[in-house]
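Undergrad: Got target-v1.txt for you, compact mmCIF, C-alpha atoms:
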```
# COMPACT_ATOMS: atom_id res chain seq x y z
CA PRO A 21 -20.97 27.25 -18.75
CA ALA A 22 -17.65 26.40 -17.03
CA ILE A 23 -18.83 22.84 -16.39
CA ALA A 24 -19.84 22.49 -20.04
CA ARG A 25 -16.49 23.85 -21.29
CA PHE A 26 -14.60 21.58 -18.91
CA CYS A 27 -16.57 18.57 -20.20
CA ASP A 28 -16.52 19.64 -23.87
CA CYS A 29 -20.31 20.08 -24.14
CA LYS A 30 -22.92 22.76 -24.61
CA VAL A 31 -25.37 23.73 -21.89
CA TRP A 32 -28.55 25.72 -21.60
CA LEU A 33 -31.34 26.30 -19.11
CA ALA A 34 -34.63 24.77 -20.24
CA ARG A 35 -37.72 26.19 -18.63
CA ASP A 36 -40.74 23.93 -18.39
CA GLU A 37 -44.11 24.99 -17.03
CA ASP A 38 -43.30 24.06 -13.45
CA ARG A 39 -39.48 23.98 -13.26
CA SER A 40 -36.17 24.85 -14.85
CA ARG A 41 -33.35 22.43 -15.60
CA TYR A 42 -29.92 22.48 -17.20
CA VAL A 43 -29.48 20.49 -20.40
CA PHE A 44 -25.99 19.27 -21.31
CA PHE A 45 -25.47 18.50 -25.01
CA GLY A 46 -22.55 16.48 -26.36
CA PHE A 47 -21.09 13.00 -26.36
CA GLU A 48 -22.59 10.69 -23.72
CA PRO A 49 -19.42 10.30 -21.58
CA ASP A 50 -18.94 14.08 -21.59
CA THR A 51 -22.54 14.86 -20.66
CA ALA A 52 -22.47 12.17 -17.95
CA MET A 53 -19.38 13.82 -16.48
CA ALA A 54 -21.05 17.24 -16.70
CA VAL A 55 -24.14 15.96 -14.87
CA TYR A 56 -21.92 14.38 -12.20
CA LEU A 57 -19.88 17.59 -11.72
CA PHE A 58 -23.06 19.66 -11.61
CA ALA A 59 -24.43 17.41 -8.84
CA VAL A 60 -21.18 17.63 -6.85
CA ILE A 61 -21.06 21.41 -7.18
CA ASP A 62 -24.78 21.87 -6.48
CA ARG A 63 -24.52 19.71 -3.34
CA GLY A 64 -21.40 21.61 -2.25
CA ILE A 65 -23.04 25.01 -2.73
CA ARG A 66 -26.21 23.96 -0.89
CA ARG A 67 -24.17 22.62 2.00
CA GLU A 68 -21.99 25.73 2.25
CA VAL A 69 -25.01 28.07 2.01
CA LEU A 70 -26.56 26.30 5.00
CA GLY A 71 -23.30 26.81 6.91
CA PHE A 72 -23.20 30.48 5.89
CA ARG A 73 -26.77 30.98 7.07
CA ALA A 74 -25.97 29.31 10.41
CA GLN A 75 -22.98 31.63 10.88
CA HIS A 76 -25.13 34.73 10.25
CA PRO A 77 -28.24 34.33 12.44
CA ALA A 78 -28.92 38.09 12.41
CA LEU A 79 -29.85 37.95 8.74
CA ARG A 80 -33.57 37.51 8.14
CA GLY A 81 -36.10 37.75 5.31
CA THR A 82 -35.05 39.55 2.15
CA ARG A 83 -31.58 40.32 3.47
CA LEU A 84 -31.00 36.61 4.22
CA ARG A 85 -32.12 35.63 0.70
CA GLN A 86 -29.91 38.30 -0.89
CA ALA A 87 -26.89 37.32 1.20
CA SER A 88 -27.43 33.61 0.50
CA THR A 89 -27.72 34.28 -3.23
CA SER A 90 -24.59 36.45 -3.19
CA PHE A 91 -22.73 33.76 -1.28
CA ALA A 92 -23.81 31.10 -3.81
CA HIS A 93 -22.82 33.35 -6.73
CA GLY A 94 -19.41 33.95 -5.19
CA MET A 95 -18.93 30.24 -4.70
CA ALA A 96 -20.04 29.50 -8.26
CA GLY A 97 -17.65 32.16 -9.55
CA ARG A 98 -14.68 30.59 -7.79
CA LEU A 99 -15.65 27.10 -8.91
CA ALA A 100 -15.93 28.35 -12.50
CA GLU A 101 -12.41 29.81 -12.25
CA ARG A 102 -11.09 26.51 -10.93
CA LEU A 103 -12.77 24.51 -13.70
CA GLU A 104 -11.43 26.91 -16.34
CA ALA A 105 -7.90 26.52 -14.94
CA LEU A 106 -8.22 22.71 -14.85
CA HIS A 107 -9.49 22.73 -18.45
CA ALA A 108 -6.63 24.96 -19.63
CA ALA A 109 -4.09 22.74 -17.87
CA ARG A 110 -5.58 19.62 -19.45
CA GLU A 111 -5.58 21.20 -22.92
CA ALA A 112 -1.96 22.30 -22.48
CA GLU A 113 -0.95 18.83 -21.32
CA VAL A 114 -2.58 17.19 -24.34
CA ALA A 115 -0.96 19.68 -26.70
CA ALA A 116 2.46 19.15 -25.10
CA GLN A 117 2.26 15.36 -25.38
CA ARG A 118 1.99 15.37 -29.16
CA PRO A 119 2.20 18.25 -31.62
CA THR A 120 -0.94 16.91 -33.33
CA GLY A 121 -2.49 15.56 -30.13
CA THR A 122 -5.38 18.01 -30.16
CA ALA A 123 -6.63 16.95 -33.60
CA LEU A 124 -9.07 14.42 -32.11
CA VAL A 125 -10.34 17.00 -29.64
CA LEU A 126 -10.87 19.50 -32.46
CA VAL A 127 -12.81 16.90 -34.47
CA LYS A 128 -14.94 16.13 -31.40
CA HIS A 129 -15.64 19.84 -30.84
CA GLY A 130 -16.63 20.19 -34.50
CA ILE A 131 -19.04 17.24 -34.30
CA VAL A 132 -20.69 18.67 -31.19
CA GLU A 133 -20.99 22.13 -32.81
CA GLU A 134 -22.49 20.65 -35.99
CA ALA A 135 -24.99 18.51 -34.05
CA PHE A 136 -25.91 21.51 -31.91
CA ARG A 137 -26.62 23.63 -35.01
CA ALA A 138 -28.63 20.76 -36.52
CA ALA A 139 -30.71 20.52 -33.33
CA ALA A 140 -31.78 24.15 -33.94
CA VAL A 141 -31.89 24.98 -30.24
CA ARG A 142 -32.82 28.64 -29.81
CA LEU A 143 -30.90 30.25 -26.96
CA VAL A 144 -31.67 33.63 -25.44
CA ALA A 145 -29.57 35.66 -23.03
CA PRO A 146 -30.83 35.83 -19.43
CA ARG A 147 -32.36 39.09 -18.26
CA GLY A 148 -32.10 41.00 -15.04
CA ALA A 149 -29.35 41.94 -12.68
CA SER A 150 -28.67 40.33 -9.37
CA ILE A 151 -28.00 42.14 -6.15
CA ARG A 152 -24.51 41.41 -4.91
CA LEU A 153 -23.62 41.81 -1.27
CA ASP A 154 -19.82 41.94 -1.37
CA GLY A 155 -19.19 40.43 2.05
CA ALA A 156 -21.40 37.44 1.31
CA TYR A 157 -19.99 37.12 -2.22
CA GLU A 158 -16.42 37.09 -0.90
CA HIS A 159 -17.29 34.46 1.72
CA GLY A 160 -18.80 32.34 -1.05
CA PHE A 161 -15.77 32.87 -3.27
CA ALA A 162 -13.55 31.55 -0.49
CA ALA A 163 -15.90 28.61 0.10
CA GLY A 164 -15.44 27.67 -3.56
CA GLU A 165 -12.05 26.26 -2.58
CA ARG A 166 -13.65 23.67 -0.31
CA VAL A 167 -15.43 21.69 -3.03
CA ASN A 168 -13.40 18.70 -4.19
CA LEU A 169 -13.07 18.76 -7.98
CA GLN A 170 -10.51 15.96 -8.09
CA ARG A 171 -11.25 12.42 -9.17
CA PRO A 172 -13.71 10.83 -6.74
CA VAL A 173 -12.11 7.37 -6.68
CA GLY A 174 -9.08 6.60 -4.54
CA GLY A 175 -9.23 9.62 -2.25
CA ALA A 176 -9.19 9.49 1.51
CA PRO A 177 -12.61 9.77 3.22
CA ARG A 178 -11.84 13.35 4.26
CA ASP A 179 -11.58 14.27 0.57
CA ARG A 180 -15.10 13.14 -0.25
CA LEU A 181 -18.09 15.40 -0.25
CA GLU A 182 -20.77 14.18 2.10
CA GLY A 183 -24.28 14.46 0.81
```
Mind turning this structure into structure tokens?

TA:
Amino acid sequence: PAIARFCDCKVWLARDEDRSRYVFFGFEPDTAMAVYLFAVIDRGIRREVLGFRAQHPALRGTRLRQASTSFAHGMAGRLAERLEALHAAREAEVAAQRPTGTALVLVKHGIVEEAFRAAAVRLVAPRGASIRLDGAYEHGFAAGERVNLQRPVGGAPRDRLEG
């Protein structure tokens, strides 16, 4: 949801017979950006989870899966916070530039909302609770700082996420 808010779209998890996938709904440039950010974040989380697993060789079986999931959730939580802060800063900057500067954004949001209602997508809340291992969650939360959310063009090679 933080990626969708940052990119001014809607998102939901579509479950097909053999797989699940996220669907981003909105204007094409916004959904393209959301898909790109999702790929960057997904790659970053996968990479960091592998590093976490390598650093904790004593974890095995169910405990390893629970710790890895907690780590990934912690990382996703921190990344969501960062995206929310970036979105708020961008909205404040637009509002400060012109007193009526957000009018276009509000119109865009309204168009997306109207199209979403017209699409009649039925959303349901997810069920079930996840087990959270605090140590792993906190390690993941800290790892959420290591994913580059800045513009990908023009950065030094060390700022790019290898994949």

Undergrad: Any idea what the distance is between CA of Leu57 (chain A) and CA of Phe72 (chain A)?

TA: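 Value for the CA of Leu57 (chain A)-CA of Phe72 (chain A) distance: 22.1 Å.
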
Undergrad: Need the shell around Val43 (chain A): protein/DNA/RNA residues with any atom at most 12 Å away, counting only C-alpha atoms. Skip same-chain ones fewer than 2 positions apart. Format as a PyMOL selection string?

TA: chain A and resi 21+23-24+29-36+40-41+45-46+51-52+54-55+58+141+143

Undergrad: Any chance you could tabulate, as JSON lines, the residues of region 32-149 of chain A at most 12 Å from region 155-168 of chain A with each one's nearest atom pair and distance in Å to one decimal, using all atoms listed in the file, in chain and rising number order?

TA:
```
{"residue": "A:Leu57", "atom": "CA", "partner": "A:Asn168", "partner_atom": "CA", "distance": 10.0}
{"residue": "A:Phe58", "atom": "CA", "partner": "A:Val167", "partner_atom": "CA", "distance": 11.7}
{"residue": "A:Ala59", "atom": "CA", "partner": "A:Val167", "partner_atom": "CA", "distance": 11.5}
{"residue": "A:Val60", "atom": "CA", "partner": "A:Val167", "partner_atom": "CA", "distance": 8.0}
{"residue": "A:Ile61", "atom": "CA", "partner": "A:Val167", "partner_atom": "CA", "distance": 7.0}
{"residue": "A:Asp62", "atom": "CA", "partner": "A:Val167", "partner_atom": "CA", "distance": 10.0}
{"residue": "A:Arg63", "atom": "CA", "partner": "A:Val167", "partner_atom": "CA", "distance": 9.3}
{"residue": "A:Gly64", "atom": "CA", "partner": "A:Val167", "partner_atom": "CA", "distance": 6.0}
{"residue": "A:Ile65", "atom": "CA", "partner": "A:Gly164", "partner_atom": "CA", "distance": 8.1}
{"residue": "A:Arg66", "atom": "CA", "partner": "A:Gly160", "partner_atom": "CA", "distance": 11.2}
{"residue": "A:Arg67", "atom": "CA", "partner": "A:Val167", "partner_atom": "CA", "distance": 10.1}
{"residue": "A:Glu68", "atom": "CA", "partner": "A:Ala163", "partner_atom": "CA", "distance": 7.1}
{"residue": "A:Val69", "atom": "CA", "partner": "A:Gly160", "partner_atom": "CA", "distance": 8.1}
{"residue": "A:Leu70", "atom": "CA", "partner": "A:Gly160", "partner_atom": "CA", "distance": 11.5}
{"residue": "A:Gly71", "atom": "CA", "partner": "A:Ala163", "partner_atom": "CA", "distance": 10.2}
{"residue": "A:Phe72", "atom": "CA", "partner": "A:His159", "partner_atom": "CA", "distance": 8.3}
{"residue": "A:Arg73", "atom": "CA", "partner": "A:Ala156", "partner_atom": "CA", "distance": 10.2}
{"residue": "A:Gln75", "atom": "CA", "partner": "A:His159", "partner_atom": "CA", "distance": 11.1}
{"residue": "A:His76", "atom": "CA", "partner": "A:Ala156", "partner_atom": "CA", "distance": 10.1}
{"residue": "A:Leu79", "atom": "CA", "partner": "A:Ala156", "partner_atom": "CA", "distance": 11.3}
{"residue": "A:Arg83", "atom": "CA", "partner": "A:Ala156", "partner_atom": "CA", "distance": 10.8}
{"residue": "A:Leu84", "atom": "CA", "partner": "A:Ala156", "partner_atom": "CA", "distance": 10.1}
{"residue": "A:Arg85", "atom": "CA", "partner": "A:Ala156", "partner_atom": "CA", "distance": 10.9}
{"residue": "A:Gln86", "atom": "CA", "partner": "A:Ala156", "partner_atom": "CA", "distance": 8.8}
{"residue": "A:Ala87", "atom": "CA", "partner": "A:Ala156", "partner_atom": "CA", "distance": 5.5}
{"residue": "A:Ser88", "atom": "CA", "partner": "A:Ala156", "partner_atom": "CA", "distance": 7.2}
{"residue": "A:Thr89", "atom": "CA", "partner": "A:Tyr157", "partner_atom": "CA", "distance": 8.3}
{"residue": "A:Ser90", "atom": "CA", "partner": "A:Tyr157", "partner_atom": "CA", "distance": 4.7}
{"residue": "A:Phe91", "atom": "CA", "partner": "A:Gly160", "partner_atom": "CA", "distance": 4.2}
{"residue": "A:Ala92", "atom": "CA", "partner": "A:Gly160", "partner_atom": "CA", "distance": 5.9}
{"residue": "A:His93", "atom": "CA", "partner": "A:Tyr157", "partner_atom": "CA", "distance": 6.5}
{"residue": "A:Gly94", "atom": "CA", "partner": "A:Phe161", "partner_atom": "CA", "distance": 4.3}
{"residue": "A:Met95", "atom": "CA", "partner": "A:Gly160", "partner_atom": "CA", "distance": 4.2}
{"residue": "A:Ala96", "atom": "CA", "partner": "A:Gly164", "partner_atom": "CA", "distance": 6.8}
{"residue": "A:Gly97", "atom": "CA", "partner": "A:Phe161", "partner_atom": "CA", "distance": 6.6}
{"residue": "A:Arg98", "atom": "CA", "partner": "A:Phe161", "partner_atom": "CA", "distance": 5.2}
{"residue": "A:Leu99", "atom": "CA", "partner": "A:Gly164", "partner_atom": "CA", "distance": 5.4}
{"residue": "A:Ala100", "atom": "CA", "partner": "A:Gly164", "partner_atom": "CA", "distance": 9.0}
{"residue": "A:Glu101", "atom": "CA", "partner": "A:Gly164", "partner_atom": "CA", "distance": 9.4}
{"residue": "A:Arg102", "atom": "CA", "partner": "A:Glu165", "partner_atom": "CA", "distance": 8.4}
{"residue": "A:Leu103", "atom": "CA", "partner": "A:Gly164", "partner_atom": "CA", "distance": 11.0}
```

Undergrad: Of the candidates A:Ala115, A:Glu104, A:Thr82, A:Cys27, which one gets nearest to Tyr56 (chain A) if we count only C-alpha atoms?

TA: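 Between A:Ala115, A:Glu104, A:Thr82, A:Cys27, the residue approaching Tyr56 (chain A) most closely is A:Cys27.
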
Undergrad: Please put the answer as AutoDock Vina command-line options: centre and edge lengths, in Å with one decimal, of a box along x, y and z that encloses all listed atoms of region 82-87 of chain A plus 5 Å on each side.

TA:
```
--center_x -31.0 --center_y 38.0 --center_z 1.7 --size_x 18.2 --size_y 14.7 --size_z 15.1
```

Undergrad: How many Å lie between CA of Ala116 (chain A) and CA of Leu169 (chain A), rounded to one decimal?

TA: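 Going from CA of Ala116 (chain A) over to CA of Leu169 (chain A) covers 23.1 Å.
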
Undergrad: Would you mind reading off the distance between CA of Gln170 (chain A) and CA of Leu106 (chain A), one decimal, in Å?

TA: 9.8 Å

Undergrad: Between A:Gly81, A:Ala105, A:Glu111, A:Asp28, which has the minimum distance to Ile131 (chain A) (counting only C-alpha atoms)?

TA: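 Of A:Gly81, A:Ala105, A:Glu111, A:Asp28, the one nearest Ile131 (chain A), counting only C-alpha atoms, is A:Asp28.
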